[in-house]
>>> print(open('coords15.csv').read())   # CSV, C-alpha atoms (C1' of nucleotides)
chain,number,residue,atom,x,y,z
N,8,MET,CA,0.0,0.0,0.0
N,9,ASN,CA,1.5,3.3,-1.0
N,10,MET,CA,0.4,6.3,0.8
N,11,GLU,CA,0.8,9.5,-1.1
N,12,SER,CA,-0.5,8.1,-4.3
N,13,ASP,CA,-1.8,11.4,-5.5
N,14,LYS,CA,0.6,11.4,-8.3
N,15,GLN,CA,-0.7,9.6,-11.3
N,16,GLN,CA,1.3,7.4,-13.5
N,17,PHE,CA,2.4,8.3,-17.0
N,18,ARG,CA,5.1,7.5,-19.5
N,19,MET,CA,7.7,10.1,-20.0
N,20,THR,CA,7.5,10.7,-23.7
N,21,ARG,CA,9.7,12.9,-25.7
N,22,GLN,CA,7.1,15.6,-25.9
N,23,ARG,CA,6.3,15.4,-22.2
N,24,LYS,CA,10.0,15.7,-21.4
N,25,VAL,CA,10.6,18.7,-23.5
N,26,ILE,CA,7.5,20.5,-22.2
N,27,LEU,CA,8.6,19.9,-18.7
N,28,GLU,CA,12.2,21.0,-19.4
N,29,GLU,CA,11.1,24.2,-21.1
N,30,LEU,CA,8.7,25.0,-18.3
N,31,ARG,CA,11.4,24.4,-15.7
N,32,LYS,CA,13.7,26.7,-17.6
N,33,VAL,CA,11.7,29.8,-17.3
N,34,THR,CA,10.2,31.8,-14.5
N,35,SER,CA,7.6,33.6,-16.7
N,36,HIS,CA,4.5,31.5,-16.0
N,37,PRO,CA,3.7,31.0,-19.6
N,38,THR,CA,0.3,30.3,-21.1
N,39,ALA,CA,-0.3,27.0,-23.0
N,40,ASP,CA,0.2,28.9,-26.2
N,41,GLN,CA,3.6,30.3,-25.1
N,42,VAL,CA,4.7,26.8,-24.0
N,43,TYR,CA,3.7,25.6,-27.4
N,44,GLU,CA,5.9,28.2,-29.0
N,45,MET,CA,8.8,27.3,-26.7
N,46,VAL,CA,8.5,23.6,-27.3
N,47,ARG,CA,8.0,24.0,-31.0
N,48,LYS,CA,11.6,25.2,-31.5
N,49,ARG,CA,12.8,21.8,-30.4
N,50,LEU,CA,9.9,19.7,-31.6
N,51,PRO,CA,8.5,21.5,-34.7
N,52,ARG,CA,5.8,18.9,-35.3
N,53,ILE,CA,4.2,18.9,-31.9
N,54,SER,CA,0.6,20.0,-31.8
N,55,LEU,CA,-1.0,22.4,-29.4
N,56,ALA,CA,-3.4,19.7,-28.3
N,57,THR,CA,-0.5,17.7,-27.1
N,58,VAL,CA,0.8,20.6,-25.1
N,59,TYR,CA,-2.6,21.1,-23.5
N,60,ARG,CA,-2.9,17.4,-22.7
N,61,ASN,CA,0.5,17.2,-21.3
N,62,LEU,CA,0.2,20.3,-19.2
N,63,GLU,CA,-2.9,18.7,-17.8
N,64,THR,CA,-1.1,15.4,-17.1
N,65,LEU,CA,1.9,17.0,-15.6
N,66,SER,CA,-0.2,19.2,-13.3
N,67,ALA,CA,-2.3,16.2,-12.2
N,68,ALA,CA,1.0,14.5,-11.4
N,69,GLY,CA,2.1,17.5,-9.4
N,70,GLU,CA,5.1,18.2,-11.7
N,71,VAL,CA,3.9,21.6,-12.7
N,72,LEU,CA,1.3,24.0,-11.4
N,73,LYS,CA,-1.8,25.3,-13.0
N,74,LEU,CA,-2.1,28.8,-11.8
N,75,GLU,CA,-5.5,30.0,-10.6
N,76,VAL,CA,-4.4,33.5,-11.6
N,77,SER,CA,-5.1,35.6,-14.7
N,78,GLY,CA,-8.2,36.4,-16.6
N,79,THR,CA,-8.9,34.5,-19.7
N,80,GLN,CA,-5.8,32.5,-20.3
N,81,ARG,CA,-4.5,29.9,-18.0
N,82,ARG,CA,-0.9,30.0,-16.9
N,83,TYR,CA,1.5,27.3,-15.9
N,84,ASP,CA,4.4,27.2,-13.5
N,85,GLY,CA,7.3,24.8,-13.6
N,86,ASP,CA,8.3,25.7,-10.1
N,87,THR,CA,6.3,23.6,-7.7
N,88,SER,CA,7.9,24.7,-4.5
N,89,GLU,CA,5.8,26.8,-2.2
N,90,HIS,CA,5.7,30.3,-3.3
N,91,HIS,CA,3.4,33.3,-3.9
N,92,HIS,CA,2.7,35.5,-6.8
N,93,ALA,CA,2.6,39.2,-7.5
N,94,ARG,CA,0.7,40.0,-10.6
N,95,CYS,CA,1.0,43.2,-12.6
N,96,ALA,CA,-2.3,44.9,-13.2
N,97,MET,CA,-1.0,46.5,-16.3
N,98,CYS,CA,0.9,43.9,-18.3
N,99,GLY,CA,-0.4,40.8,-16.6
N,100,SER,CA,3.1,39.4,-15.8
N,101,VAL,CA,3.5,37.4,-12.7
N,102,ILE,CA,6.6,37.3,-10.5
N,103,ASP,CA,7.4,34.8,-7.8
N,104,ILE,CA,7.8,35.5,-4.1
N,105,PRO,CA,9.5,32.7,-2.1
N,106,ALA,CA,7.3,31.3,0.5
N,107,LYS,CA,9.8,31.8,3.2
N,108,ALA,CA,9.3,35.6,2.8
N,109,PHE,CA,5.9,34.9,4.1
N,110,PRO,CA,4.9,32.0,6.3
N,111,MET,CA,1.4,30.3,6.4
N,112,PRO,CA,-1.0,32.4,8.3
N,113,LYS,CA,-3.2,31.2,11.1
N,114,ILE,CA,-6.8,31.5,10.1
N,115,PRO,CA,-9.4,31.4,12.8
N,116,SER,CA,-11.4,28.2,12.0
N,117,GLU,CA,-14.8,30.0,12.5
N,118,ALA,CA,-13.9,32.2,9.5
N,119,ILE,CA,-13.8,29.3,7.1
N,120,GLU,CA,-17.0,27.4,7.5
N,121,GLY,CA,-15.7,23.8,7.8
N,122,PHE,CA,-13.3,24.3,4.9
N,123,ASP,CA,-10.4,21.9,5.0
N,124,ILE,CA,-7.4,23.9,4.0
N,125,SER,CA,-4.7,22.1,2.0
N,126,GLY,CA,-2.8,25.0,0.5
N,127,TYR,CA,-2.5,28.7,0.5
N,128,ARG,CA,-1.2,31.2,-1.9
N,129,LEU,CA,-0.8,34.9,-1.5
N,130,GLU,CA,-1.7,36.9,-4.5
N,131,LEU,CA,-0.4,40.4,-4.7
N,132,THR,CA,-1.6,43.0,-7.2
N,133,GLY,CA,0.2,46.1,-8.3
N,134,LEU,CA,2.5,47.4,-10.9
N,135,CYS,CA,5.7,45.7,-11.9
N,136,GLN,CA,8.9,47.6,-12.1
N,137,ASN,CA,8.7,47.9,-15.8
N,138,CYS,CA,5.2,49.2,-16.0
N,139,ARG,CA,5.8,51.5,-13.2
N,140,ALA,CA,8.5,53.1,-15.3
N,141,THR,CA,6.2,53.6,-18.3
N,142,LYS,CA,3.2,54.5,-16.3
N,143,ALA,CA,3.3,58.1,-17.4
N,144,VAL,CA,2.6,57.2,-21.0
H,17,MET,CA,-8.9,68.5,-9.6
H,18,ASN,CA,-10.4,65.4,-8.1
H,19,MET,CA,-8.0,62.9,-6.6
H,20,GLU,CA,-9.2,59.3,-6.6
H,21,SER,CA,-10.7,59.5,-10.0
H,22,ASP,CA,-10.2,55.8,-10.6
H,23,LYS,CA,-13.9,55.2,-10.9
H,24,GLN,CA,-15.2,55.9,-14.3
H,25,GLN,CA,-18.4,57.5,-15.1
H,26,PHE,CA,-21.5,55.6,-16.5
H,27,ARG,CA,-25.2,55.9,-16.6
H,28,MET,CA,-27.1,53.6,-14.3
H,29,THR,CA,-29.3,51.8,-16.8
H,30,ARG,CA,-32.0,49.3,-15.9
H,31,GLN,CA,-29.8,46.4,-17.0
H,32,ARG,CA,-26.8,47.7,-15.1
H,33,LYS,CA,-28.9,48.1,-12.0
H,34,VAL,CA,-30.3,44.7,-12.1
H,35,ILE,CA,-26.9,43.1,-12.7
H,36,LEU,CA,-25.5,44.9,-9.8
H,37,GLU,CA,-28.4,44.0,-7.5
H,38,GLU,CA,-28.3,40.4,-8.4
H,39,LEU,CA,-24.6,40.2,-7.9
H,40,ARG,CA,-24.9,41.9,-4.5
H,41,LYS,CA,-27.6,39.5,-3.5
H,42,VAL,CA,-25.4,36.4,-3.7
H,43,THR,CA,-22.2,35.3,-2.2
H,44,SER,CA,-21.5,32.7,-4.8
H,45,HIS,CA,-19.1,34.5,-7.1
H,46,PRO,CA,-20.9,33.6,-10.2
H,47,THR,CA,-19.5,33.5,-13.7
H,48,ALA,CA,-20.8,35.8,-16.4
H,49,ASP,CA,-23.1,33.1,-17.6
H,50,GLN,CA,-24.5,32.6,-14.2
H,51,VAL,CA,-25.1,36.3,-13.8
H,52,TYR,CA,-26.9,36.2,-17.1
H,53,GLU,CA,-29.2,33.5,-16.0
H,54,MET,CA,-30.0,35.3,-12.7
H,55,VAL,CA,-30.6,38.6,-14.5
H,56,ARG,CA,-32.7,37.0,-17.2
H,57,LYS,CA,-35.4,36.1,-14.8
H,58,ARG,CA,-36.0,39.8,-14.3
H,59,LEU,CA,-35.1,41.1,-17.8
H,60,PRO,CA,-35.8,38.2,-20.2
H,61,ARG,CA,-34.6,40.2,-23.2
H,62,ILE,CA,-31.2,41.1,-21.9
H,63,SER,CA,-28.3,39.8,-24.0
H,64,LEU,CA,-25.2,38.0,-22.7
H,65,ALA,CA,-23.1,40.7,-24.4
H,66,THR,CA,-24.7,43.3,-22.2
H,67,VAL,CA,-23.9,41.3,-19.2
H,68,TYR,CA,-20.3,41.0,-20.2
H,69,ARG,CA,-20.1,44.7,-21.0
H,70,ASN,CA,-21.7,45.7,-17.8
H,71,LEU,CA,-19.6,43.5,-15.6
H,72,GLU,CA,-16.6,45.1,-17.3
H,73,THR,CA,-18.0,48.6,-16.7
H,74,LEU,CA,-18.9,47.9,-13.1
H,75,SER,CA,-15.6,46.4,-12.3
H,76,ALA,CA,-13.7,49.2,-13.9
H,77,ALA,CA,-15.8,51.5,-11.7
H,78,GLY,CA,-14.9,49.4,-8.6
H,79,GLU,CA,-18.5,48.4,-8.0
H,80,VAL,CA,-17.8,44.7,-8.4
H,81,LEU,CA,-14.7,42.6,-8.5
H,82,LYS,CA,-13.4,40.5,-11.3
H,83,LEU,CA,-11.8,37.6,-9.5
H,84,GLU,CA,-8.4,36.4,-10.6
H,85,VAL,CA,-9.4,33.0,-9.5
H,86,SER,CA,-10.6,29.9,-11.4
H,87,GLY,CA,-9.4,28.2,-14.5
H,88,THR,CA,-11.3,28.9,-17.7
H,89,GLN,CA,-14.3,30.9,-16.6
H,90,ARG,CA,-14.0,34.3,-15.0
H,91,ARG,CA,-15.9,34.9,-11.8
H,92,TYR,CA,-17.4,38.1,-10.4
H,93,ASP,CA,-17.9,39.2,-6.9
H,94,GLY,CA,-20.5,41.8,-5.7
H,95,ASP,CA,-18.7,42.3,-2.4
H,96,THR,CA,-15.9,44.8,-2.9
H,97,SER,CA,-14.9,44.9,0.8
H,98,GLU,CA,-11.5,43.6,1.5
H,99,HIS,CA,-11.7,39.8,1.9
H,100,HIS,CA,-10.0,36.6,0.9
H,101,HIS,CA,-11.1,33.5,-0.8
H,102,ALA,CA,-11.0,29.9,-0.2
H,103,ARG,CA,-11.5,27.8,-3.2
H,104,CYS,CA,-12.7,24.2,-3.2
H,105,ALA,CA,-10.4,22.0,-5.3
H,106,MET,CA,-13.3,19.6,-6.0
H,107,CYS,CA,-16.3,21.7,-6.9
H,108,GLY,CA,-14.7,25.0,-7.7
H,109,SER,CA,-16.9,26.9,-5.3
H,110,VAL,CA,-15.4,29.9,-3.6
H,111,ILE,CA,-16.2,31.1,-0.1
H,112,ASP,CA,-15.3,34.5,1.5
H,113,ILE,CA,-13.0,35.1,4.4
H,114,PRO,CA,-13.2,38.5,6.0
H,115,ALA,CA,-10.0,40.5,5.7
H,116,LYS,CA,-10.0,41.2,9.4
H,117,ALA,CA,-9.4,37.5,10.1
H,118,PHE,CA,-6.1,38.1,8.4
H,119,PRO,CA,-4.3,41.4,8.1
H,120,MET,CA,-2.0,42.6,5.3
H,121,PRO,CA,1.4,40.8,5.6
H,122,LYS,CA,4.7,42.5,5.7
H,123,ILE,CA,6.6,41.5,2.6
H,124,PRO,CA,10.4,42.1,2.6
H,125,SER,CA,10.9,44.6,-0.3
H,126,GLU,CA,13.9,42.6,-1.7
H,127,ALA,CA,11.5,39.8,-2.4
H,128,ILE,CA,9.4,41.7,-4.8
H,129,GLU,CA,11.8,43.2,-7.3
H,130,GLY,CA,10.5,46.8,-7.4
H,131,PHE,CA,6.9,45.7,-7.5
H,132,ASP,CA,4.5,48.4,-6.3
H,133,ILE,CA,1.9,46.6,-4.3
H,134,SER,CA,-1.6,48.0,-4.3
H,135,GLY,CA,-3.6,45.0,-3.1
H,136,TYR,CA,-3.2,41.6,-1.7
H,137,ARG,CA,-5.5,38.6,-1.6
H,138,LEU,CA,-5.0,35.3,0.1
H,139,GLU,CA,-6.1,32.4,-1.9
H,140,LEU,CA,-6.7,29.2,0.1
H,141,THR,CA,-7.2,25.9,-1.5
H,142,GLY,CA,-8.8,22.8,0.0
H,143,LEU,CA,-12.1,21.1,0.2
H,144,CYS,CA,-15.3,22.7,1.2
H,145,GLN,CA,-17.6,21.3,3.9
H,146,ASN,CA,-19.9,19.8,1.3
H,147,CYS,CA,-17.3,18.1,-0.8
H,148,ARG,CA,-15.5,16.9,2.3
H,149,ALA,CA,-18.7,15.1,3.3
H,150,THR,CA,-19.0,13.4,-0.1
H,151,LYS,CA,-15.3,12.7,-0.6
H,152,ALA,CA,-15.7,9.0,0.1
H,153,VAL,CA,-17.8,8.6,-3.0
V,19,DA,C1',-1.4,-7.6,-28.5
V,20,DT,C1',-2.5,-3.6,-25.8
V,21,DA,C1',-2.6,0.5,-23.5
V,22,DG,C1',-1.3,5.0,-23.7
V,23,DG,C1',0.3,9.0,-26.7
V,24,DT,C1',0.3,11.8,-30.8
V,25,DG,C1',-1.0,15.0,-34.7
V,26,DC,C1',-4.7,16.9,-37.1
V,27,DA,C1',-9.0,18.8,-37.5
V,28,DA,C1',-13.3,19.7,-35.7
V,29,DA,C1',-16.1,21.0,-31.9
V,30,DA,C1',-17.1,23.3,-27.7
V,31,DC,C1',-16.9,27.0,-24.8
V,32,DT,C1',-15.9,31.8,-23.3
V,33,DT,C1',-15.4,36.5,-24.3
V,34,DT,C1',-15.3,40.4,-27.5
V,35,DT,C1',-16.9,43.3,-31.3
V,36,DG,C1',-19.5,45.5,-35.3
V,37,DC,C1',-23.6,47.4,-36.3
V,38,DG,C1',-28.2,49.3,-36.5
V,39,DT,C1',-31.4,51.0,-33.2
V,40,DC,C1',-32.9,53.1,-28.9
V,41,DA,C1',-33.1,56.3,-24.9
V,42,DA,C1',-31.6,60.0,-21.9
V,43,DG,C1',-29.8,64.4,-21.4
L,3,DC,C1',-28.7,66.4,-31.7
L,4,DT,C1',-25.3,63.7,-29.4
L,5,DT,C1',-23.6,60.2,-26.6
L,6,DG,C1',-23.7,56.1,-24.4
L,7,DA,C1',-26.0,51.7,-24.1
L,8,DC,C1',-28.6,47.7,-26.0
L,9,DG,C1',-29.7,43.4,-28.6
L,10,DC,C1',-28.3,40.5,-32.0
L,11,DA,C1',-25.2,38.0,-34.6
L,12,DA,C1',-20.8,37.2,-36.0
L,13,DA,C1',-16.0,36.9,-34.8
L,14,DA,C1',-12.1,35.9,-32.1
L,15,DG,C1',-9.8,33.5,-28.7
L,16,DT,C1',-9.0,29.4,-25.6
L,17,DT,C1',-9.5,24.7,-24.5
L,18,DT,C1',-11.2,20.0,-25.3
L,19,DT,C1',-12.3,15.9,-28.1
L,20,DG,C1',-12.8,12.3,-31.9
L,21,DC,C1',-10.2,9.6,-34.5
L,22,DA,C1',-6.7,7.1,-37.1
L,23,DC,C1',-2.1,6.0,-36.6
L,24,DC,C1',2.2,5.1,-33.8
L,25,DT,C1',5.1,3.3,-30.3
L,26,DA,C1',6.8,1.5,-26.3
L,27,DT,C1',5.9,-2.3,-23.3
>>> encode(input="coords15.csv", output="structure tokens")
Amino acid sequence: MNMESDKQQFRMTRQRKVILEELRKVTSHPTADQVYEMVRKRLPRISLATVYRNLETLSAAGEVLKLEVSGTQRRYDGDTSEHHHARCAMCGSVIDIPAKAFPMPKIPSEAIEGFDISGYRLELTGLCQNCRATKAV
Amino acid sequence: MNMESDKQQFRMTRQRKVILEELRKVTSHPTADQVYEMVRKRLPRISLATVYRNLETLSAAGEVLKLEVSGTQRRYDGDTSEHHHARCAMCGSVIDIPAKAFPMPKIPSEAIEGFDISGYRLELTGLCQNCRATKAV
DNA sequence: ATAGGTGCAAAACTTTTGCGTCAAG
DNA sequence: CTTGACGCAAAAGTTTTGCACCTAT
């Protein structure tokens, strides 16, 4: 009996491997489409559907994170360590904040109506350095 | 010169009013489509496009919140007071946590790379009471 | 052999836009 | 009269699915 069998099984195909590698390589929280473009440089014949399917598989396996951020387009994160996000209201970019900069808060249990908390993420909103510079435009 | 002119101007039309009222009425963080269904009971001829346009207008005016939560479908919140969200990983429902249960954290400035923080929101993940009960299924 | 993966194309779903008309100031 | 808003339909954008073929067990 294996405890911790959250992670589902899958074969590490060439496509899967490249997607994971590319996603681990960046800190930019790309959308599926952006991952597609990145991966396409190495596997020109890969299809967008495969990227979607594999991002799904990898996130189900806990290898990547599907971010619950952003408006219309989903973003993925190759860094599964605990961390938070700051999102720029202007350009939509997301930067990471290491979890140790900010430890798990204590939430009074009466505030959460029987909710069983498994994870937390702090979502900061504001303007990134770059957009702050060009704000005057 | 008026400081605090974030809020844009608009006419409070019948449609707008009903959308706002319905959104204020619930705590369920409905999607545009759900708002449409709610509003349609009172204004059967309203179009989905109008709902989208008005949710956009109202959120630009700060009357409602566009949530940065959830995967594919955007959710809206009629409660603009400071509060956090706990999202159920199973059913996707979102419950509110009053901000006073959890004050604004102090983030070390070196962790945020020149980011100018205007807002923060804590996003908890877990299982809601209801899904916890039916988890065994 | 078989189970899972892939590419392609089509479908489904969500959100936005163009346009002619309407309503309020 | 002018401006903003509406309804409708079409378009655009994002994600999922069906299917035939492939490829590692």
>>> calpha_fit_and_write(input="coords15.csv", fixed="chain N", moving="chain H", output="mmCIF file with C-alpha atoms, in the coordinates of the input")
data_model
loop_
_atom_site.group_PDB
_atom_site.id
_atom_site.type_symbol
_atom_site.label_atom_id
_atom_site.label_comp_id
_atom_site.auth_asym_id
_atom_site.auth_seq_id
_atom_site.Cartn_x
_atom_site.Cartn_y
_atom_site.Cartn_z
ATOM 1 C CA MET H 17 -0.310 0.170 0.220
ATOM 2 C CA ASN H 18 1.396 3.358 -0.799
ATOM 3 C CA MET H 19 0.337 6.507 0.996
ATOM 4 C CA GLU H 20 0.751 9.718 -0.983
ATOM 5 C CA SER H 21 -0.417 8.230 -4.188
ATOM 6 C CA ASP H 22 -1.657 11.569 -5.457
ATOM 7 C CA LYS H 23 0.761 11.538 -8.337
ATOM 8 C CA GLN H 24 -0.489 9.609 -11.245
ATOM 9 C CA GLN H 25 1.510 7.422 -13.404
ATOM 10 C CA PHE H 26 2.585 8.333 -17.036
ATOM 11 C CA ARG H 27 5.253 7.523 -19.489
ATOM 12 C CA MET H 28 7.891 10.166 -19.984
ATOM 13 C CA THR H 29 7.583 10.749 -23.711
ATOM 14 C CA ARG H 30 9.837 13.019 -25.740
ATOM 15 C CA GLN H 31 7.123 15.676 -25.940
ATOM 16 C CA ARG H 32 6.381 15.475 -22.237
ATOM 17 C CA LYS H 33 10.047 15.820 -21.453
ATOM 18 C CA VAL H 34 10.566 18.785 -23.568
ATOM 19 C CA ILE H 35 7.480 20.546 -22.206
ATOM 20 C CA LEU H 36 8.641 19.985 -18.749
ATOM 21 C CA GLU H 37 12.186 21.183 -19.458
ATOM 22 C CA GLU H 38 11.048 24.277 -21.164
ATOM 23 C CA LEU H 39 8.662 25.123 -18.412
ATOM 24 C CA ARG H 40 11.385 24.589 -15.796
ATOM 25 C CA LYS H 41 13.719 26.798 -17.725
ATOM 26 C CA VAL H 42 11.585 29.933 -17.392
ATOM 27 C CA THR H 43 10.122 31.878 -14.603
ATOM 28 C CA SER H 44 7.530 33.567 -16.711
ATOM 29 C CA HIS H 45 4.464 31.459 -16.044
ATOM 30 C CA PRO H 46 3.576 31.059 -19.609
ATOM 31 C CA THR H 47 0.188 30.209 -21.032
ATOM 32 C CA ALA H 48 -0.387 27.007 -22.952
ATOM 33 C CA ASP H 49 0.138 28.840 -26.175
ATOM 34 C CA GLN H 50 3.381 30.219 -25.015
ATOM 35 C CA VAL H 51 4.560 26.802 -23.946
ATOM 36 C CA TYR H 52 3.640 25.587 -27.383
ATOM 37 C CA GLU H 53 5.711 28.164 -29.075
ATOM 38 C CA MET H 54 8.744 27.437 -26.829
ATOM 39 C CA VAL H 55 8.392 23.683 -27.355
ATOM 40 C CA ARG H 56 7.902 24.027 -31.083
ATOM 41 C CA LYS H 57 11.369 25.284 -31.592
ATOM 42 C CA ARG H 58 12.615 21.899 -30.456
ATOM 43 C CA LEU H 59 9.771 19.671 -31.758
ATOM 44 C CA PRO H 60 8.297 21.517 -34.770
ATOM 45 C CA ARG H 61 5.659 18.835 -35.310
ATOM 46 C CA ILE H 62 4.171 18.869 -31.868
ATOM 47 C CA SER H 63 0.478 19.797 -31.743
ATOM 48 C CA LEU H 64 -1.136 22.319 -29.383
ATOM 49 C CA ALA H 65 -3.466 19.522 -28.225
ATOM 50 C CA THR H 66 -0.488 17.583 -26.987
ATOM 51 C CA VAL H 67 0.692 20.534 -25.105
ATOM 52 C CA TYR H 68 -2.643 20.975 -23.451
ATOM 53 C CA ARG H 69 -2.855 17.277 -22.644
ATOM 54 C CA ASN H 70 0.592 17.160 -21.262
ATOM 55 C CA LEU H 71 0.260 20.214 -19.105
ATOM 56 C CA GLU H 72 -2.866 18.568 -17.701
ATOM 57 C CA THR H 73 -0.995 15.295 -17.101
ATOM 58 C CA LEU H 74 1.993 16.994 -15.537
ATOM 59 C CA SER H 75 -0.065 19.101 -13.278
ATOM 60 C CA ALA H 76 -2.169 16.215 -12.155
ATOM 61 C CA ALA H 77 1.135 14.490 -11.351
ATOM 62 C CA GLY H 78 2.296 17.580 -9.367
ATOM 63 C CA GLU H 79 5.196 18.228 -11.711
ATOM 64 C CA VAL H 80 3.944 21.658 -12.713
ATOM 65 C CA LEU H 81 1.350 24.009 -11.382
ATOM 66 C CA LYS H 82 -1.750 25.246 -13.058
ATOM 67 C CA LEU H 83 -2.075 28.759 -11.730
ATOM 68 C CA GLU H 84 -5.447 29.984 -10.571
ATOM 69 C CA VAL H 85 -4.412 33.390 -11.618
ATOM 70 C CA SER H 86 -5.211 35.519 -14.699
ATOM 71 C CA GLY H 87 -8.388 36.270 -16.510
ATOM 72 C CA THR H 88 -9.066 34.325 -19.688
ATOM 73 C CA GLN H 89 -5.884 32.405 -20.318
ATOM 74 C CA ARG H 90 -4.593 29.777 -17.944
ATOM 75 C CA ARG H 91 -0.979 29.995 -16.894
ATOM 76 C CA TYR H 92 1.465 27.248 -15.926
ATOM 77 C CA ASP H 93 4.324 27.282 -13.574
ATOM 78 C CA GLY H 94 7.358 24.885 -13.673
ATOM 79 C CA ASP H 95 8.330 25.725 -10.105
ATOM 80 C CA THR H 96 6.272 23.598 -7.744
ATOM 81 C CA SER H 97 8.045 24.834 -4.577
ATOM 82 C CA GLU H 98 5.871 26.734 -2.252
ATOM 83 C CA HIS H 99 5.801 30.397 -3.358
ATOM 84 C CA HIS H 100 3.481 33.299 -3.925
ATOM 85 C CA HIS H 101 2.743 35.506 -6.805
ATOM 86 C CA ALA H 102 2.614 39.086 -7.512
ATOM 87 C CA ARG H 103 0.692 40.016 -10.529
ATOM 88 C CA CYS H 104 1.107 43.227 -12.508
ATOM 89 C CA ALA H 105 -2.263 44.918 -13.078
ATOM 90 C CA MET H 106 -0.926 46.551 -16.273
ATOM 91 C CA CYS H 107 0.923 43.890 -18.202
ATOM 92 C CA GLY H 108 -0.360 40.755 -16.585
ATOM 93 C CA SER H 109 3.101 39.455 -15.846
ATOM 94 C CA VAL H 110 3.534 37.396 -12.729
ATOM 95 C CA ILE H 111 6.625 37.296 -10.546
ATOM 96 C CA ASP H 112 7.479 34.749 -7.768
ATOM 97 C CA ILE H 113 7.830 35.433 -4.098
ATOM 98 C CA PRO H 114 9.486 32.738 -2.060
ATOM 99 C CA ALA H 115 7.207 31.197 0.541
ATOM 100 C CA LYS H 116 9.786 31.738 3.232
ATOM 101 C CA ALA H 117 9.347 35.510 2.895
ATOM 102 C CA PHE H 118 5.875 34.842 4.174
ATOM 103 C CA PRO H 119 4.782 31.895 6.258
ATOM 104 C CA MET H 120 1.376 30.174 6.330
ATOM 105 C CA PRO H 121 -1.131 32.414 8.226
ATOM 106 C CA LYS H 122 -3.251 31.297 11.062
ATOM 107 C CA ILE H 123 -6.849 31.486 9.948
ATOM 108 C CA PRO H 124 -9.542 31.434 12.695
ATOM 109 C CA SER H 125 -11.538 28.222 11.915
ATOM 110 C CA GLU H 126 -14.922 30.045 12.345
ATOM 111 C CA ALA H 127 -14.001 32.120 9.356
ATOM 112 C CA ILE H 128 -13.842 29.283 6.968
ATOM 113 C CA GLU H 129 -17.081 27.391 7.404
ATOM 114 C CA GLY H 130 -15.741 23.812 7.637
ATOM 115 C CA PHE H 131 -13.325 24.327 4.795
ATOM 116 C CA ASP H 132 -10.424 21.864 4.863
ATOM 117 C CA ILE H 133 -7.414 23.848 3.862
ATOM 118 C CA SER H 134 -4.684 22.067 1.968
ATOM 119 C CA GLY H 135 -2.802 24.996 0.446
ATOM 120 C CA TYR H 136 -2.586 28.687 0.539
ATOM 121 C CA ARG H 137 -1.225 31.221 -1.916
ATOM 122 C CA LEU H 138 -0.868 34.929 -1.524
ATOM 123 C CA GLU H 139 -1.782 36.852 -4.539
ATOM 124 C CA LEU H 140 -0.408 40.415 -4.654
ATOM 125 C CA THR H 141 -1.541 42.922 -7.130
ATOM 126 C CA GLY H 142 0.238 46.096 -8.216
ATOM 127 C CA LEU H 143 2.561 47.311 -10.852
ATOM 128 C CA CYS H 144 5.770 45.706 -11.813
ATOM 129 C CA GLN H 145 9.084 47.581 -12.017
ATOM 130 C CA ASN H 146 8.820 47.837 -15.780
ATOM 131 C CA CYS H 147 5.295 49.100 -15.986
ATOM 132 C CA ARG H 148 5.915 51.468 -13.106
ATOM 133 C CA ALA H 149 8.691 53.048 -15.175
ATOM 134 C CA THR H 150 6.405 53.501 -18.193
ATOM 135 C CA LYS H 151 3.283 54.491 -16.270
ATOM 136 C CA ALA H 152 3.573 58.130 -17.279
ATOM 137 C CA VAL H 153 2.967 57.221 -20.882
#
>>> closest_residue(input="coords15.csv", among="N:Asn137, N:Thr87, N:Gln22, N:Thr34", to="N:Ala106", atoms="all atoms listed in the file")
N:Thr87
>>> residues_around(input="coords15.csv", residues="V:DT32", least_positions_apart="3", cutoff="8 Å", atoms="all atoms listed in the file", output="PyMOL selection string")
(chain H and resi 88-89) or (chain L and resi 16)
>>> interface_residues(input="coords15.csv", of="chain L", to="chain N", cutoff="10 Å", atoms="all atoms listed in the file", output="list in words")
DG15, DT16, DT17, DT18, DT19 and DA26 of chain L
>>> residues_near_point(input="coords15.csv", point="(-1.0, 9.8, -37.5)", cutoff="12 Å", atoms="all atoms listed in the file", output="number ranges by chain")
N: 52-54; V: 23-26; L: 21-25
>>> write_last_selection(input="coords15.csv", atoms="C-alpha atoms (C1' of nucleotides)", output="compact mmCIF listing (two decimals), in the coordinates of the input")
# COMPACT_ATOMS: atom_id res chain seq x y z
CA ARG N 52 5.80 18.90 -35.30
CA ILE N 53 4.20 18.90 -31.90
CA SER N 54 0.60 20.00 -31.80
C1' DG V 23 0.30 9.00 -26.70
C1' DT V 24 0.30 11.80 -30.80
C1' DG V 25 -1.00 15.00 -34.70
C1' DC V 26 -4.70 16.90 -37.10
C1' DC L 21 -10.20 9.60 -34.50
C1' DA L 22 -6.70 7.10 -37.10
C1' DC L 23 -2.10 6.00 -36.60
C1' DC L 24 2.20 5.10 -33.80
C1' DT L 25 5.10 3.30 -30.30
>>> atom_distance(input="coords15.csv", atom1="atom CA of H:Ile133", atom2="atom CA of H:Leu74")
22.6 Å
>>> closest_atom_pairs(input="coords15.csv", of="chain V", to="chain H", cutoff="12 Å", atoms="all atoms listed in the file", output="JSON lines")
{"residue": "V:DC31", "atom": "C1'", "partner": "H:Thr88", "partner_atom": "CA", "distance": 9.2}
{"residue": "V:DT32", "atom": "C1'", "partner": "H:Gln89", "partner_atom": "CA", "distance": 6.9}
{"residue": "V:DT33", "atom": "C1'", "partner": "H:Tyr68", "partner_atom": "CA", "distance": 7.8}
{"residue": "V:DT34", "atom": "C1'", "partner": "H:Ala65", "partner_atom": "CA", "distance": 8.4}
{"residue": "V:DT35", "atom": "C1'", "partner": "H:Ala65", "partner_atom": "CA", "distance": 9.6}
{"residue": "V:DA41", "atom": "C1'", "partner": "H:Thr29", "partner_atom": "CA", "distance": 10.0}
{"residue": "V:DA42", "atom": "C1'", "partner": "H:Arg27", "partner_atom": "CA", "distance": 9.3}
{"residue": "V:DG43", "atom": "C1'", "partner": "H:Arg27", "partner_atom": "CA", "distance": 10.8}
